[in-house]
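Structure data (compact mmCIF, C-alpha atoms and all ligand atoms) from run_30.txt:
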# COMPACT_ATOMS: atom_id res chain seq x y z
CA MET A 253 26.73 -2.51 -12.21
CA ASN A 254 23.62 -0.88 -10.72
CA GLU A 255 23.14 -0.73 -6.98
CA MET A 256 19.80 -1.40 -5.36
CA LYS A 257 18.95 -0.89 -1.72
CA ILE A 258 15.98 -2.38 0.03
CA ALA A 259 15.02 -2.03 3.70
CA VAL A 260 12.98 -4.84 5.26
CA LEU A 261 10.97 -3.42 8.16
CA GLY A 262 8.43 -4.70 10.67
CA SER A 263 8.05 -5.45 14.34
CA GLU A 264 9.97 -8.07 16.26
CA GLY A 265 9.41 -11.68 15.25
CA VAL A 266 7.32 -11.10 12.12
CA GLY A 267 9.81 -13.06 9.99
CA LYS A 268 12.05 -10.39 8.41
CA SER A 269 15.18 -12.53 8.71
CA ALA A 270 13.25 -15.62 7.60
CA LEU A 271 12.13 -13.86 4.41
CA ILE A 272 15.58 -12.48 3.58
CA VAL A 273 17.35 -15.77 4.27
CA ARG A 274 14.71 -17.68 2.31
CA PHE A 275 15.34 -15.39 -0.66
CA LEU A 276 19.13 -15.55 -0.41
CA THR A 277 19.59 -19.24 0.39
CA ARG A 278 16.25 -20.82 -0.67
CA ARG A 279 16.12 -22.31 2.81
CA PHE A 280 13.84 -21.68 5.74
CA ILE A 281 15.95 -21.59 8.86
CA GLY A 282 13.70 -21.45 11.88
CA GLU A 283 15.70 -19.43 14.39
CA TYR A 284 17.57 -16.17 14.10
CA ALA A 285 19.21 -13.74 16.51
CA SER A 286 17.82 -10.23 16.57
CA SER A 287 20.26 -8.26 18.65
CA SER A 288 21.90 -6.38 15.78
CA GLU A 289 20.98 -4.72 12.53
CA CYS A 290 22.03 -6.64 9.44
CA MET A 291 23.08 -5.77 5.92
CA TYR A 292 23.07 -8.53 3.34
CA SER A 293 24.39 -8.27 -0.17
CA LYS A 294 23.77 -10.25 -3.32
CA ARG A 295 24.48 -9.86 -7.03
CA LEU A 296 21.71 -10.75 -9.40
CA SER A 297 20.62 -10.25 -12.95
CA VAL A 298 17.28 -8.50 -13.49
CA ASP A 299 15.91 -7.71 -16.96
CA GLY A 300 19.35 -8.40 -18.39
CA ARG A 301 21.07 -5.96 -16.04
CA GLN A 302 23.58 -6.83 -13.32
CA ILE A 303 22.34 -5.56 -9.97
CA SER A 304 24.25 -5.33 -6.72
CA LEU A 305 21.49 -5.70 -4.15
CA GLU A 306 21.79 -4.61 -0.56
CA LEU A 307 19.16 -5.68 1.94
CA TYR A 308 18.98 -3.89 5.25
CA GLU A 309 17.20 -5.25 8.30
CA PRO A 310 17.22 -2.89 11.27
CA CYS A 311 17.55 -4.19 14.80
CA SER A 312 14.05 -4.41 16.22
CA GLN A 313 15.36 -4.21 19.78
CA ALA A 314 17.23 -1.27 21.29
CA CYS A 315 20.81 -1.42 19.98
CA ASP A 316 23.78 0.88 19.40
CA GLY A 317 23.90 2.96 16.24
CA LYS A 318 20.32 2.18 15.32
CA SER A 319 19.31 4.00 12.15
CA THR A 320 16.12 6.04 12.11
CA LEU A 321 13.31 5.59 9.63
CA ASN A 322 14.36 8.94 8.20
CA ASP A 323 17.89 7.58 7.53
CA GLN A 324 16.36 4.53 5.93
CA ILE A 325 14.12 6.61 3.69
CA HIS A 326 17.15 8.53 2.43
CA TRP A 327 19.03 5.32 1.87
CA ALA A 328 16.53 2.84 0.46
CA ASP A 329 15.17 2.48 -3.06
CA GLY A 330 12.31 0.39 -1.72
CA PHE A 331 10.74 -0.95 1.46
CA ILE A 332 9.31 -4.32 2.34
CA VAL A 333 7.10 -3.80 5.38
CA VAL A 334 6.28 -7.10 7.05
CA TYR A 335 3.64 -8.12 9.59
CA ASP A 336 2.55 -11.47 10.99
CA ILE A 337 -1.04 -12.39 10.03
CA SER A 338 -1.43 -14.11 13.43
CA ASP A 339 -0.42 -10.99 15.35
CA ARG A 340 -2.65 -7.92 15.13
CA SER A 341 -0.19 -5.67 16.93
CA SER A 342 2.38 -6.34 14.20
CA PHE A 343 -0.20 -5.21 11.64
CA LEU A 344 -0.72 -1.97 13.56
CA THR A 345 3.06 -1.43 13.59
CA ALA A 346 3.19 -2.07 9.84
CA LYS A 347 0.39 0.43 9.34
CA ALA A 348 2.23 3.07 11.39
CA THR A 349 5.45 2.35 9.48
CA VAL A 350 3.85 2.71 6.06
CA HIS A 351 2.16 5.90 7.21
CA LEU A 352 5.49 7.29 8.47
CA ILE A 353 7.35 6.40 5.29
CA ARG A 354 4.79 8.29 3.22
CA ASP A 355 4.80 11.25 5.66
CA LEU A 356 8.57 11.50 6.04
CA GLN A 357 9.09 11.14 2.34
CA LEU A 358 7.23 14.38 1.82
CA GLY A 359 9.99 16.16 3.73
CA THR A 360 12.86 14.71 1.69
CA ALA A 361 14.41 15.32 -1.69
CA LYS A 362 12.66 12.13 -2.82
CA ARG A 363 9.19 13.61 -2.48
CA ASP A 364 8.70 13.67 -6.25
CA VAL A 365 9.16 9.92 -6.52
CA GLU A 366 6.84 7.93 -4.28
CA SER A 367 8.87 5.29 -2.42
CA ILE A 368 8.12 1.76 -3.48
CA ILE A 369 6.54 -0.09 -0.60
CA PHE A 370 5.48 -3.72 -0.54
CA LEU A 371 3.25 -4.70 2.39
CA VAL A 372 3.75 -8.37 3.26
CA GLY A 373 1.57 -10.45 5.59
CA ASN A 374 3.86 -13.32 6.61
CA LYS A 375 3.12 -16.66 8.37
CA GLN A 376 0.17 -17.53 6.16
CA ASP A 377 0.67 -21.14 7.29
CA LEU A 378 -0.69 -19.99 10.68
CA CYS A 379 -4.06 -19.09 9.16
CA HIS A 380 -5.83 -21.09 11.90
CA MET A 381 -4.49 -18.41 14.28
CA ARG A 382 -5.19 -15.53 11.93
CA GLU A 383 -5.82 -12.13 13.58
CA VAL A 384 -5.56 -9.98 10.44
CA ARG A 385 -7.91 -10.61 7.55
CA HIS A 386 -6.54 -10.65 4.02
CA GLU A 387 -8.88 -7.77 3.08
CA GLU A 388 -7.47 -5.60 5.86
CA GLY A 389 -3.99 -5.97 4.38
CA GLN A 390 -5.34 -5.24 0.93
CA ARG A 391 -7.19 -2.16 2.15
CA LEU A 392 -4.14 -0.76 3.93
CA ALA A 393 -1.98 -1.36 0.87
CA GLY A 394 -4.54 0.38 -1.34
CA GLU A 395 -4.73 3.36 1.00
CA PHE A 396 -0.97 3.95 0.90
CA HIS A 397 -0.24 2.91 -2.70
CA CYS A 398 1.63 -0.25 -1.77
CA GLN A 399 1.66 -3.67 -3.39
CA PHE A 400 0.23 -6.32 -1.08
CA TYR A 401 1.22 -9.96 -0.60
CA GLU A 402 0.38 -12.69 1.88
CA LEU A 403 2.71 -15.65 2.13
CA SER A 404 4.64 -17.96 4.39
CA ALA A 405 8.43 -17.72 4.53
CA ALA A 406 8.26 -21.19 6.07
CA GLU A 407 6.41 -22.77 3.14
CA HIS A 408 6.72 -20.61 0.02
CA TYR A 409 10.09 -20.13 -1.65
CA GLN A 410 8.70 -19.10 -5.06
CA GLU A 411 6.46 -16.37 -3.63
CA VAL A 412 9.27 -14.97 -1.51
CA ALA A 413 11.64 -14.91 -4.49
CA LEU A 414 8.96 -13.25 -6.61
CA ILE A 415 8.48 -10.44 -4.10
CA PHE A 416 12.17 -9.60 -3.98
CA SER A 417 12.55 -9.78 -7.76
CA LYS A 418 9.51 -7.56 -8.28
CA MET A 419 10.82 -5.10 -5.74
CA VAL A 420 14.20 -4.97 -7.47
CA HIS A 421 12.52 -4.59 -10.85
CA ASN A 422 10.22 -1.78 -9.64
CA ALA A 423 12.95 -0.02 -7.70
CA SER A 424 15.32 -0.16 -10.65
CA MET A 425 12.68 1.57 -12.77
CA GLY A 426 12.45 4.42 -10.26
CA SER A 427 16.09 4.79 -9.37
CA LYS A 428 17.88 5.15 -12.66
CA ALA A 429 18.71 8.82 -12.26
CA LYS A 430 18.98 8.78 -8.52
CA GLU A 431 21.84 10.24 -6.53
CA ARG A 432 23.98 7.93 -4.42
CA ARG A 433 23.08 8.00 -0.78
CA ARG A 434 24.72 7.07 2.47
CA ARG A 435 23.98 3.59 3.74
CA PRO A 436 23.14 2.96 7.37
CA SER A 437 25.80 0.34 8.17
CA GLY A 438 28.43 -2.04 6.83
CA SER A 439 27.70 -4.86 4.44
CA LYS A 440 27.64 -8.60 5.14
CA SER A 441 28.94 -11.12 2.67
CA MET A 442 27.07 -14.32 1.96
CA ALA A 443 29.57 -16.26 4.10
CA LYS A 444 28.95 -13.90 6.98
CA LEU A 445 25.23 -14.28 6.47
CA ILE A 446 25.49 -18.05 6.84
CA ASN A 447 27.66 -17.66 9.95
CA ASN A 448 25.23 -15.16 11.32
CA VAL A 449 22.27 -17.44 10.78
CA PHE A 450 23.92 -20.45 12.34
CA GLY A 451 25.51 -18.47 15.15
CA LYS A 452 22.25 -16.85 16.18
CA ARG A 453 20.57 -17.62 19.47
CA ARG A 454 17.43 -19.70 19.47
CA LYS A 455 13.93 -18.28 19.70
CA SER A 456 10.68 -20.20 19.82
CA VAL A 457 7.77 -19.60 17.38
N1 LIG B 1 5.00 -20.51 11.28
C1 LIG B 1 5.86 -19.64 10.74
N2 LIG B 1 6.86 -19.15 11.47
C2 LIG B 1 7.69 -18.26 10.88
C3 LIG B 1 7.55 -17.84 9.54
N3 LIG B 1 8.52 -16.93 9.28
C4 LIG B 1 9.25 -16.82 10.40
N4 LIG B 1 8.74 -17.61 11.36
C5 LIG B 1 9.24 -17.78 12.73
O1 LIG B 1 9.04 -16.55 13.43
C6 LIG B 1 10.09 -16.34 14.35
C7 LIG B 1 10.68 -14.98 14.08
O2 LIG B 1 11.31 -15.01 12.80
P1 LIG B 1 12.46 -13.99 12.42
O3 LIG B 1 12.78 -14.19 10.99
O4 LIG B 1 13.56 -14.05 13.43
O5 LIG B 1 11.67 -12.63 12.63
P2 LIG B 1 12.29 -11.15 12.61
O6 LIG B 1 11.22 -10.25 12.13
O7 LIG B 1 13.58 -11.14 11.87
O8 LIG B 1 12.55 -10.96 14.14
P3 LIG B 1 13.51 -9.86 14.86
O9 LIG B 1 14.87 -10.01 14.23
O10 LIG B 1 13.44 -10.25 16.29
O11 LIG B 1 12.90 -8.54 14.61
C8 LIG B 1 11.09 -17.48 14.16
O12 LIG B 1 10.86 -18.44 15.16
C9 LIG B 1 10.74 -18.04 12.79
O13 LIG B 1 11.01 -19.41 12.69
C10 LIG B 1 6.46 -18.38 8.78
O14 LIG B 1 6.24 -18.07 7.59
N5 LIG B 1 5.65 -19.27 9.43
Could you render the structure from this file as structure tokens?
Ligand SMILES: Nc1nc2c(ncn2[C@@H]2O[C@H](COP(=O)(O)OP(=O)(O)OP(=O)(O)O)[C@@H](O)[C@H]2O)c(=O)[nH]1
Amino acid sequence: MNEMKIAVLGSEGVGKSALIVRFLTRRFIGEYASSSECMYSKRLSVDGRQISLELYEPCSQACDGKSTLNDQIHWADGFIVVYDISDRSSFLTAKATVHLIRDLQLGTAKRDVESIIFLVGNKQDLCHMREVRHEEGQRLAGEFHCQFYELSAAEHYQEVALIFSKMVHNASMGSKAKERRRRPSGSKSMAKLINNVFGKRRKSV
């Protein structure tokens, strides 16, 4: 069984949990708590191979034991960097994050293999409130050698699933001979994920 580790990054409220939960459960669940970092795990078959996938979502608020981007770069096989197309500041955070991943990577043992980064503009259903043009996302992705997607976790299951499968596929190509690395926190089972989702406090859109 191959292991695959993906970190889902982005500023508060961009829809990181929504995307992960959509992928894992096919459902869009509107409200999630954000007071702790989360690790989700899932087994899946990609290109005929069994993959044990771990998805890490850091806590976007100040919390104990928070991992640094440097830790995440050592740990992850790939990054999904999310912003909200109706929130320009989240795009600027995504830009800074992508920049940092590329910069920090140069100082690690992984510098020979460019980290796989997918830049994702979420909340496409809010295009009437759009603050970030599609072309801006495309341009940023081109500049930093990322793949770019715009979608809505609220409305698009297929697109969300496609992104995660592509990420796993691409990351598995680049990680075959890779050393095992420390992970930033403990793992959550699917049952815990469901409890977590339903136990989370409510936030408004
Ligand atoms: N309209 C719309 N709302 C969305 C979408 N995705 C997520 N949301 C909403 O955005 C809010 C934040 O979503 P989360 O998934 O908690 O975002 P997050 O990035 O995990 O937030 P933190 O954990 O606080 O960092 C919630 O109210 C979601 O219902 C989307 O595609 N469209």
Which residues sit within 10 Å of ligand LIG 1 (chain B), counting only C-alpha atoms and all ligand atoms, listed as a CSV table (one decimal) with C-alpha atoms, in the coordinates of the input?
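Final output, saved to pocket_7.csv:
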chain,number,residue,atom,x,y,z
A,260,VAL,CA,13.0,-4.8,5.3
A,261,LEU,CA,11.0,-3.4,8.2
A,262,GLY,CA,8.4,-4.7,10.7
A,263,SER,CA,8.0,-5.4,14.3
A,264,GLU,CA,10.0,-8.1,16.3
A,265,GLY,CA,9.4,-11.7,15.2
A,266,VAL,CA,7.3,-11.1,12.1
A,267,GLY,CA,9.8,-13.1,10.0
A,268,LYS,CA,12.0,-10.4,8.4
A,269,SER,CA,15.2,-12.5,8.7
A,270,ALA,CA,13.2,-15.6,7.6
A,271,LEU,CA,12.1,-13.9,4.4
A,272,ILE,CA,15.6,-12.5,3.6
A,273,VAL,CA,17.4,-15.8,4.3
A,274,ARG,CA,14.7,-17.7,2.3
A,280,PHE,CA,13.8,-21.7,5.7
A,281,ILE,CA,16.0,-21.6,8.9
A,282,GLY,CA,13.7,-21.4,11.9
A,283,GLU,CA,15.7,-19.4,14.4
A,284,TYR,CA,17.6,-16.2,14.1
A,285,ALA,CA,19.2,-13.7,16.5
A,286,SER,CA,17.8,-10.2,16.6
A,287,SER,CA,20.3,-8.3,18.6
A,288,SER,CA,21.9,-6.4,15.8
A,289,GLU,CA,21.0,-4.7,12.5
A,290,CYS,CA,22.0,-6.6,9.4
A,309,GLU,CA,17.2,-5.2,8.3
A,310,PRO,CA,17.2,-2.9,11.3
A,311,CYS,CA,17.6,-4.2,14.8
A,312,SER,CA,14.0,-4.4,16.2
A,313,GLN,CA,15.4,-4.2,19.8
A,334,VAL,CA,6.3,-7.1,7.0
A,335,TYR,CA,3.6,-8.1,9.6
A,336,ASP,CA,2.6,-11.5,11.0
A,337,ILE,CA,-1.0,-12.4,10.0
A,338,SER,CA,-1.4,-14.1,13.4
A,342,SER,CA,2.4,-6.3,14.2
A,373,GLY,CA,1.6,-10.4,5.6
A,374,ASN,CA,3.9,-13.3,6.6
A,375,LYS,CA,3.1,-16.7,8.4
A,376,GLN,CA,0.2,-17.5,6.2
A,377,ASP,CA,0.7,-21.1,7.3
A,378,LEU,CA,-0.7,-20.0,10.7
A,379,CYS,CA,-4.1,-19.1,9.2
A,402,GLU,CA,0.4,-12.7,1.9
A,403,LEU,CA,2.7,-15.6,2.1
A,404,SER,CA,4.6,-18.0,4.4
A,405,ALA,CA,8.4,-17.7,4.5
A,406,ALA,CA,8.3,-21.2,6.1
A,407,GLU,CA,6.4,-22.8,3.1
A,408,HIS,CA,6.7,-20.6,0.0
A,449,VAL,CA,22.3,-17.4,10.8
A,452,LYS,CA,22.2,-16.8,16.2
A,453,ARG,CA,20.6,-17.6,19.5
A,454,ARG,CA,17.4,-19.7,19.5
A,455,LYS,CA,13.9,-18.3,19.7
A,456,SER,CA,10.7,-20.2,19.8
A,457,VAL,CA,7.8,-19.6,17.4
Distance query Glu395 of chain A at most 12 Å, all atoms listed in the file, self and fewer than 6 positions along chain excluded, as a PyMOL selection string:
chain A and resi 347+350-351+354+369+371+388-389
Between atom CA of Phe370 of chain A and atom CA of Cys398 of chain A lies a distance of 5.3 Å
List the spatial neighbours of Ile325 of chain A as a ChimeraX atom specification - criterion: any atom at most 7 Å away, all atoms listed in the file, same-chain residues fewer than 3 positions off excluded.
/A:321-322,328,353,357
Exercise: Asp339 of chain A partners within 8 Å, all atoms listed in the file, chain neighbours under 5 positions left out, as a PDB file with C-alpha atoms, keeping the file's coordinate frame:
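Below is the file that was written, out14.pdb:
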ATOM      1  CA  ARG A 382      -5.190 -15.530  11.930  1.00  0.00           C
ATOM      2  CA  GLU A 383      -5.820 -12.130  13.580  1.00  0.00           C
ATOM      3  CA  VAL A 384      -5.560  -9.980  10.440  1.00  0.00           C
TER       4      VAL A 384
END
If you count all atoms listed in the file, the residue of A:Tyr409, A:Asp299, A:Ser341, A:Asn422 closest to Arg279 of chain A turns out to be A:Tyr409
For Met256 of chain A: contacts at 7 Å, all atoms listed in the file, fewer than 5 positions along chain excluded, given as a short mmCIF file (atom, residue, chain, number, x, y, z; two decimals) with C-alpha atoms, in the frame of the given file:
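Now in around-v7.cif:
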data_model
loop_
_atom_site.label_atom_id
_atom_site.label_comp_id
_atom_site.auth_asym_id
_atom_site.auth_seq_id
_atom_site.Cartn_x
_atom_site.Cartn_y
_atom_site.Cartn_z
CA ILE A 303 22.34 -5.56 -9.97
CA SER A 304 24.25 -5.33 -6.72
CA LEU A 305 21.49 -5.70 -4.15
CA GLU A 306 21.79 -4.61 -0.56
CA ASP A 329 15.17 2.48 -3.06
CA VAL A 420 14.20 -4.97 -7.47
#
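Note that the spacing between atom CA of Lys418 of chain A and atom CA of Ala346 of chain A amounts to 20.0 Å.
When atom CA of Ile258 of chain A is paired with atom CA of Arg340 of chain A, their separation reads 24.6 Å.
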task = Determine the nearest neighbour of Arg301 of chain A from the options A:Gly330, A:His421, A:Ser367, A:Arg278, counting only C-alpha atoms.
result =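 The shortest atom-to-atom distance to Arg301 of chain A comes from A:His421.
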